[in-house]
Amino acid sequence: MENFTPRRTLLASAILAAAAATTPQTLIAAEEGAIEEITVVGSRISRNTEFENATPVQVLDRETIETSGYTNLQQLFEKNPAAGNGTFSTRGNNQDSTANGAAAVSLRGMGADATLVLVNGRRVAISAFAEGITTNFVDINSIPLAAVERVEVLKDGASAIYGSDAVAGVVNLVLRKDFEGAEISMDYGGADGYDEQSLSAVWGINGEGSNLTVILDHHKNSRLASSERSGLGTANQSGRGGEDFRSSRGYPGSFTLPNGITVPDPNCPEERDTGEVCLYDYGPWTLITPEAERTGLLMLGHTDLTENIEFFSEIAVQHNTSVAQGAPTPLDGDAELYVEADHPNNPFGERVDIFRYRTVDAGARQWNIETDNLRGVFGLRGSIADWDWETSVQRSRSESTQTGDRSQGWVRTDLLQEEINAGRYNPFGGVQNPDAVIDAITTSLVRQGKSELTSYDLTINGDLFNTPSGMVAMAAGLEYREEKAADIPDDQFQRGLIFGTESVSAKASRDITSAFVEIAIPLPANLDLTLAGRYDDYSDFGSTTNPMANLLWTASDQLSLRASWGTGFRAPSLAQIGLGDSQESLFFKDTFGCEVNEAYCSQTDYTIIYSGNPDLDAEESESFNIGAVFEPIEGFQLSLDYWKITQEGKIDEAPFGFLYRRHCNDQSSTICQRGTPRQGESLGALQSIRSGFTNIGEQQVSGVDLSFVYSGLALAGGNLGLRFDYSYLMEFERVELNADGDAFLTRDLAGEYEYPQHRWNATGDWTFDRFGFSAGLSYIGEFEDTPDIDFDGTLDYDTNTSRTVDSFLTMNLQARYTGFANMILSLGADNVFDEAPPFAIGDGDADLYGYVQSQHDPRGRFIYGKMTYTF
C-alpha cells in the first residue's frame, strides 16, 4: 500500500478538506495523525487516507453537520446542490400522501428510487409505505442525526459496486462508533407558531480489543398549519395572480335534478356559486409540517475473538409517530348518493342525486401513523495472509400502521345514505348535523405496511501483486438478499365505501444473488486505473451485468484529472410490480365533458386508479464523469466536474394526457370510467381513469459541479474555513409519448417546473479562542411555473412559456462558546431574514397553495439553541 502514497497527496487533501469543510481544526488533526486504511463510498477497496478513487465524493463530518444548525438529515439534503426534484419530506404532508411522516433524498433530481441510501455501507429496508404510490425509498428520518458520524455523497453512478438504485449516486450514512465516555446534547428551536426539541445521549466503553457504543435519540416537533403562513392557507390563489383551485365538492353541495340539470344548493354563498356547483376552499385544512415524534436506540459493538478475528454488531431500533390531515371527505356522483323527495330538509321537493358534496360537519380526515424500524447486523472480520475479509448477516424491517377512528372524519357512504334515507342527516344548507348522526356515518380504519430485508455477504480485499508503478489491489464479494414489501389498506377502501382519499394496495417479494469484483491498477506516468464489474440475478425480472472504469491522473502536486464511466440499473420497485388497484387524485379539467355539460367544466380533483405490472424490466443507465482537482496553494482546493447520466427503459406511468385523449371521449371506455349520461347527453360525469406502468421512458441528464474549500486561513487572530458548492443542471431531457400516443417527443426539463438550473451553498466558519461563528447561504435558482398551463391534463411546458418562479436565497448563522469545561453552547438561526417562499401558480397536483413544496421551505425564520456536555 505504501507505494501509492507519494502520488496521491493532492486528492487526499481534497477529501480531508471536504470532511473538514468549515472546521479547519479537523483538517489539521487528520494531517498530523497516523495514516489509517479506510473505505470511502464508491469503492470496496480499503486504501489509506492519501488515496482517493476517480469518482467525485462529498464528505460532511459531524462537526460540519452540527454547525449547519439542521436538526435532521432531511434538511441537510434539501439544501445540498447535488440533490434535486424528488427529494421529499414531511412538508405538505396531508391525508393523501402515501409516505406520511417520511423523507428521502434524490440526487440529480432523478428521483428517490434512483439514489441508493446505505448505512455503514449496507442496504437497509425500504419504507413500509411508498411515496407517490410506487416510489420505494429509504426513509432518512429513520436514522437519528445524533448517530451519524459523517455523510458520504457519491455523485456518480455505482451499480457496478452496489447494484440496483445507484443510478444517480449513493448516500452512505456512517454511524458513530468506538466512543468512550458519555455525551448529552439538548437543543430547542422555534419559528412563528412552530417548535422542535431534541435530546440525545451517547455512552461508550472500551475493553481489551473491544468497544460498545450506545446512542439514544429523541426528537419532537409541533404542527405547522398552512393557515399559519400568509397566503398559503387557501386553494384560491387568484388574488395573488394564481389559479382558483377550490373544489367543486362543496359544503353546501350541488345536486342533479330529475331533468338532468345540475344546480348548487340554494344556500350556497354567492361568492362560491358558479351556477352549477358550490365551491369549497379546502386549503385551511392542510398542514405544512405535521406533528411528529421519533425515539431511537442504537448499539454498535465489536470485540476481538482471536488475534486475527473480530466480531462486530449493529442493533438499531426506532419508533416514529406522526399525523396526517386532509380536508373533510369529498363526494361526487360515483358515490351514487341521493335524497328522496320526502326528506324533511329537501328544498327541491323532488328526488335529487348528490352531484358534489363534502361532509365538513364530520371534520377533517386524519391518520395517526406509527412506524417501527428494526435493524440488526452481526458479522465477523479478520485477515488471512495480508488479505482482509468480512462476512455478515443482516435483518432489517420497517413496519407502519395508519389508524383513523370515528372522531377523525372517516365517512362511509353506505352509512351516510342510511342516515339520509332516515331523514336524520341533512345534506342541504351546509348545516352542522348532530354529533349522534355524525357518529353513525363515520367509521374506524387501519392500514398496515411492512418492508423486510434479509441479507448475507462476504467480501475480501487486499494486494494481488507488485508492479514498478505500485501494488495492484483487489476487492471481491458475494451477496444474497431477500426483499419483501406489503401494503394492506382497510377492507372498507377495497369495498368502495371510503371516498376522496388515496388507497394503496401492494404485495411483492423477490431474492437477489450478486457477485462483484473491483481491481485498482497503478500505471506508469502517475495514472491509476480502477476496473469493476457486478452480476446481479433477480428472481422476478432476470439478471444484469454492469461494468465500471475509473481513471485518475496526478499530473503534478497541484493538479489531478479524473474520469469515470459505468453502466447501471434500477430494478422495478416492489410496489411497481405488486401494486393492486390503488388510487390517487389529480386536479384537471374534463374538457370533453365540458363540451357536453357546463357542470363538468370546473377544475377539480379526479381519481386515477393504478395497478402494478409484473412483466416490467429493469431500467438501464450509463453514467460518465470527467473532472479536475486543483490545489494552487496549501489549504485551497478547487474541483470542477462535468457529469452525464443516460437512462433507458425508464418505468413511467402511461402518459395521462394520452389516456385522457384516447379514452375519455368514449362513454363505453373501460379505461376512462364515467357515470350514466343525462338525458340527451353523450357523456356522463367523469369518475376515474385507469392507468399502469411500462418501460417506456428515456432521459438524459447532465451538468457541472464546482466546489472549492479554503481551510486554515488566519484571520484576526483566529482560523477561517470557507466552502462553496455549486451545481448547474445543463440538460434534463426526457423522451416520452406525445398526448396522442402516436409518436415520441423530447422535452428538456432544465429550468422548467421543479428543475432549477442553478443551486449553490456557501459556508464559512471562524474560530477564535473560545468562540466560533458560522454563516451559510443557500440558493435555489428560478424556474418556469405551471407545467400544464391550461390544466387540461397534458403537459405543455415545452410549447408554452409560463411565468417565472423567483429564486430563493436564505442565510443561516450560528455562534458557539466553548469556555465552560466539557461544554459547547450554540445559538443560531436558519433563514435569518425570514424569507417567504416565492409565489408559484402550481402544477394542479401537489402544489395548489401558492408555492412549490418540493423546492421551497415556508417555515420562516427558525431560531435555536443547543447545549452539548461531555463527561
# chains A, B, ... in the order shown; residues from 1 in each chain; ligands from 1

call {"tool": "closest_atom_pairs", "arguments": {"of": "range 684-774 of chain A", "to": "range 144-160 of chain A", "cutoff": "12 Å", "atoms": "only C-alpha atoms", "output": "Markdown table"}}
result
| residue | atom | partner | partner_atom | distance |
| --- | --- | --- | --- | --- |
| A:Ser702 | CA | A:Asp156 | CA | 11.4 |
| A:Gly703 | CA | A:Lys155 | CA | 11.4 |
| A:Val704 | CA | A:Lys155 | CA | 11.2 |
| A:Asp705 | CA | A:Lys155 | CA | 9.6 |
| A:Ser727 | CA | A:Lys155 | CA | 11.1 |

call {"tool": "residues_around", "arguments": {"residues": "Tyr753 in chain A", "least_positions_apart": "5", "cutoff": "6 Å", "atoms": "only C-alpha atoms", "output": "NGL selection string"}}
result
:A and (783-785)

call {"tool": "write_last_selection", "arguments": {"atoms": "C-alpha atoms", "output": "PDB file, in the first residue's frame"}}
result
ATOM      1  CA  PHE A 783     -37.544  28.081 -12.858  1.00  0.00           C
ATOM      2  CA  GLU A 784     -40.653  28.238 -15.016  1.00  0.00           C
ATOM      3  CA  ASP A 785     -44.104  27.894 -13.475  1.00  0.00           C
TER       4      ASP A 785
END

call {"tool": "closest_residue", "arguments": {"among": "A:Ala54, A:Leu640, A:Leu297, A:Ala654", "to": "Arg562 in chain A", "atoms": "only C-alpha atoms"}}
result
A:Ala54

call {"tool": "residues_around", "arguments": {"residues": "Gly241 in chain A", "least_positions_apart": "3", "cutoff": "12 Å", "atoms": "only C-alpha atoms", "output": "ChimeraX atom specification"}}
result
/A:231,236-238,244,803,839-842,849-850

call {"tool": "residues_around", "arguments": {"residues": "Thr810 in chain A", "least_positions_apart": "2", "cutoff": "7 Å", "atoms": "only C-alpha atoms", "output": "short mmCIF file (atom, residue, chain, number, x, y, z; two decimals) with C-alpha atoms, in the first residue's frame"}}
result
data_model
loop_
_atom_site.label_atom_id
_atom_site.label_comp_id
_atom_site.auth_asym_id
_atom_site.auth_seq_id
_atom_site.Cartn_x
_atom_site.Cartn_y
_atom_site.Cartn_z
CA LEU A 777 -26.02 30.92 2.24
CA SER A 778 -28.31 28.54 0.37
CA TYR A 779 -29.52 29.39 -3.13
CA PHE A 808 -34.88 31.58 -3.17
CA ASN A 812 -28.01 30.63 8.35
CA ASN A 831 -33.40 31.67 7.34
CA GLU A 835 -37.61 34.92 3.59
#

call {"tool": "residues_around", "arguments": {"residues": "Thr303 in chain A", "least_positions_apart": "6", "cutoff": "6 Å", "atoms": "only C-alpha atoms", "output": "PyMOL selection string"}}
result
chain A and resi 209-210+310-311

call {"tool": "write_last_selection", "arguments": {"atoms": "N, CA and C atoms", "output": "compact mmCIF listing (two decimals), in the first residue's frame"}}
result
# COMPACT_ATOMS: atom_id res chain seq x y z
N GLY A 209 -9.42 -4.79 23.34
CA GLY A 209 -9.78 -5.19 21.98
C GLY A 209 -11.26 -5.13 21.71
N SER A 210 -12.00 -4.27 22.45
CA SER A 210 -13.45 -4.21 22.26
C SER A 210 -13.98 -2.82 22.56
N GLU A 310 -12.38 -10.61 14.46
CA GLU A 310 -13.18 -9.69 15.28
C GLU A 310 -14.66 -9.92 15.01
N PHE A 311 -15.43 -9.93 16.07
CA PHE A 311 -16.88 -9.97 15.97
C PHE A 311 -17.42 -8.54 16.07

call {"tool": "select_by_dssp", "arguments": {"residues": "range 111-330 of chain A", "states": "helix (DSSP H, G or I)", "output": "NGL selection string"}}
result
:A and (112-114 or 140-142 or 145-147 or 159-162 or 226-228 or 238-240 or 270-272 or 283-285)

call {"tool": "write_last_selection", "arguments": {"atoms": "N, CA and C atoms", "output": "mmCIF file, in the first residue's frame"}}
result
data_model
loop_
_atom_site.group_PDB
_atom_site.id
_atom_site.type_symbol
_atom_site.label_atom_id
_atom_site.label_comp_id
_atom_site.auth_asym_id
_atom_site.auth_seq_id
_atom_site.Cartn_x
_atom_site.Cartn_y
_atom_site.Cartn_z
ATOM 1 N N ALA A 112 -36.120 9.640 -5.912
ATOM 2 C CA ALA A 112 -35.599 8.973 -4.715
ATOM 3 C C ALA A 112 -35.253 7.515 -4.987
ATOM 4 N N ASP A 113 -35.897 6.900 -5.978
ATOM 5 C CA ASP A 113 -35.607 5.499 -6.266
ATOM 6 C C ASP A 113 -34.374 5.333 -7.155
ATOM 7 N N ALA A 114 -33.763 6.449 -7.598
ATOM 8 C CA ALA A 114 -32.520 6.387 -8.372
ATOM 9 C C ALA A 114 -31.309 6.734 -7.517
ATOM 10 N N ILE A 140 -34.931 8.489 5.381
ATOM 11 C CA ILE A 140 -33.783 9.023 6.118
ATOM 12 C C ILE A 140 -34.187 9.565 7.479
ATOM 13 N N ASN A 141 -35.492 9.757 7.718
ATOM 14 C CA ASN A 141 -35.938 10.121 9.061
ATOM 15 C C ASN A 141 -35.771 8.978 10.052
ATOM 16 N N SER A 142 -35.529 7.769 9.533
ATOM 17 C CA SER A 142 -35.355 6.617 10.423
ATOM 18 C C SER A 142 -33.934 6.541 10.979
ATOM 19 N N LEU A 145 -30.025 11.789 13.695
ATOM 20 C CA LEU A 145 -28.865 12.616 13.372
ATOM 21 C C LEU A 145 -27.769 12.460 14.419
ATOM 22 N N ALA A 146 -28.158 12.219 15.667
ATOM 23 C CA ALA A 146 -27.167 12.062 16.735
ATOM 24 C C ALA A 146 -26.287 10.840 16.525
ATOM 25 N N ALA A 147 -26.752 9.890 15.689
ATOM 26 C CA ALA A 147 -25.996 8.665 15.475
ATOM 27 C C ALA A 147 -25.056 8.750 14.284
ATOM 28 N N SER A 159 -23.605 1.245 -9.874
ATOM 29 C CA SER A 159 -24.228 -0.073 -9.858
ATOM 30 C C SER A 159 -23.216 -1.192 -9.917
ATOM 31 N N ALA A 160 -22.039 -0.934 -10.516
ATOM 32 C CA ALA A 160 -21.006 -1.971 -10.590
ATOM 33 C C ALA A 160 -20.468 -2.316 -9.217
ATOM 34 N N ILE A 161 -20.634 -1.407 -8.248
ATOM 35 C CA ILE A 161 -20.161 -1.649 -6.891
ATOM 36 C C ILE A 161 -21.297 -2.080 -5.973
ATOM 37 N N TYR A 162 -22.451 -1.409 -6.101
ATOM 38 C CA TYR A 162 -23.521 -1.600 -5.119
ATOM 39 C C TYR A 162 -24.811 -2.201 -5.679
ATOM 40 N N SER A 226 -50.937 25.301 7.237
ATOM 41 C CA SER A 226 -50.798 26.239 6.117
ATOM 42 C C SER A 226 -51.413 27.592 6.446
ATOM 43 N N SER A 227 -52.492 27.578 7.215
ATOM 44 C CA SER A 227 -53.169 28.828 7.558
ATOM 45 C C SER A 227 -52.321 29.725 8.450
ATOM 46 N N GLU A 228 -51.213 29.178 9.003
ATOM 47 C CA GLU A 228 -50.333 29.975 9.859
ATOM 48 C C GLU A 228 -49.254 30.709 9.072
ATOM 49 N N SER A 238 -56.120 33.220 -6.705
ATOM 50 C CA SER A 238 -56.373 34.206 -7.756
ATOM 51 C C SER A 238 -56.034 35.618 -7.299
ATOM 52 N N GLY A 239 -56.160 35.896 -6.006
ATOM 53 C CA GLY A 239 -55.819 37.214 -5.501
ATOM 54 C C GLY A 239 -54.335 37.522 -5.576
ATOM 55 N N ARG A 240 -53.508 36.480 -5.727
ATOM 56 C CA ARG A 240 -52.059 36.655 -5.842
ATOM 57 C C ARG A 240 -51.576 36.454 -7.277
ATOM 58 N N GLU A 270 -73.025 33.465 -2.465
ATOM 59 C CA GLU A 270 -72.890 33.998 -3.819
ATOM 60 C C GLU A 270 -71.464 33.922 -4.342
ATOM 61 N N GLU A 271 -70.498 34.195 -3.463
ATOM 62 C CA GLU A 271 -69.106 34.210 -3.921
ATOM 63 C C GLU A 271 -68.571 32.812 -4.232
ATOM 64 N N ARG A 272 -69.312 31.761 -3.876
ATOM 65 C CA ARG A 272 -68.888 30.392 -4.165
ATOM 66 C C ARG A 272 -69.790 29.700 -5.174
ATOM 67 N N GLY A 283 -58.085 24.547 1.513
ATOM 68 C CA GLY A 283 -56.744 24.970 1.890
ATOM 69 C C GLY A 283 -56.504 25.101 3.384
ATOM 70 N N PRO A 284 -57.434 25.686 4.148
ATOM 71 C CA PRO A 284 -57.178 25.860 5.586
ATOM 72 C C PRO A 284 -56.984 24.553 6.351
ATOM 73 N N TRP A 285 -57.348 23.424 5.766
ATOM 74 C CA TRP A 285 -57.197 22.155 6.467
ATOM 75 C C TRP A 285 -55.791 21.565 6.316
#

call {"tool": "decode", "arguments": {"residues": "range 635-648 of chain A", "atoms": "N, CA and C atoms", "output": "JSON list (two decimals), in the first residue's frame"}}
result
[["chain", "number", "residue", "atom", "x", "y", "z"],
["A", 635, "GLY", "N", -3.89, 24.40, 1.44],
["A", 635, "GLY", "CA", -5.15, 24.68, 2.13],
["A", 635, "GLY", "C", -6.28, 25.09, 1.22],
["A", 636, "PHE", "N", -6.01, 25.30, -0.07],
["A", 636, "PHE", "CA", -7.06, 25.71, -1.01],
["A", 636, "PHE", "C", -7.22, 24.64, -2.08],
["A", 637, "GLN", "N", -8.41, 24.06, -2.16],
["A", 637, "GLN", "CA", -8.69, 23.03, -3.16],
["A", 637, "GLN", "C", -9.88, 23.45, -4.01],
["A", 638, "LEU", "N", -9.75, 23.27, -5.30],
["A", 638, "LEU", "CA", -10.79, 23.62, -6.26],
["A", 638, "LEU", "C", -11.07, 22.40, -7.13],
["A", 639, "SER", "N", -12.33, 22.03, -7.25],
["A", 639, "SER", "CA", -12.69, 20.89, -8.10],
["A", 639, "SER", "C", -13.77, 21.29, -9.09],
["A", 640, "LEU", "N", -13.68, 20.74, -10.28],
["A", 640, "LEU", "CA", -14.64, 21.01, -11.35],
["A", 640, "LEU", "C", -14.94, 19.69, -12.04],
["A", 641, "ASP", "N", -16.23, 19.34, -12.16],
["A", 641, "ASP", "CA", -16.63, 18.08, -12.77],
["A", 641, "ASP", "C", -17.78, 18.29, -13.74],
["A", 642, "TYR", "N", -17.69, 17.61, -14.87],
["A", 642, "TYR", "CA", -18.82, 17.50, -15.80],
["A", 642, "TYR", "C", -19.35, 16.08, -15.70],
["A", 643, "TRP", "N", -20.66, 15.94, -15.57],
["A", 643, "TRP", "CA", -21.25, 14.63, -15.42],
["A", 643, "TRP", "C", -22.45, 14.47, -16.37],
["A", 644, "LYS", "N", -22.71, 13.23, -16.72],
["A", 644, "LYS", "CA", -23.81, 12.93, -17.64],
["A", 644, "LYS", "C", -24.36, 11.55, -17.33],
["A", 645, "ILE", "N", -25.67, 11.45, -17.24],
["A", 645, "ILE", "CA", -26.34, 10.17, -16.97],
["A", 645, "ILE", "C", -27.43, 9.96, -18.01],
["A", 646, "THR", "N", -27.40, 8.81, -18.66],
["A", 646, "THR", "CA", -28.43, 8.44, -19.64],
["A", 646, "THR", "C", -29.17, 7.23, -19.11],
["A", 647, "GLN", "N", -30.48, 7.30, -19.14],
["A", 647, "GLN", "CA", -31.32, 6.24, -18.58],
["A", 647, "GLN", "C", -32.31, 5.79, -19.64],
["A", 648, "GLU", "N", -32.39, 4.49, -19.87],
["A", 648, "GLU", "CA", -33.30, 3.92, -20.85],
["A", 648, "GLU", "C", -34.21, 2.90, -20.19]]
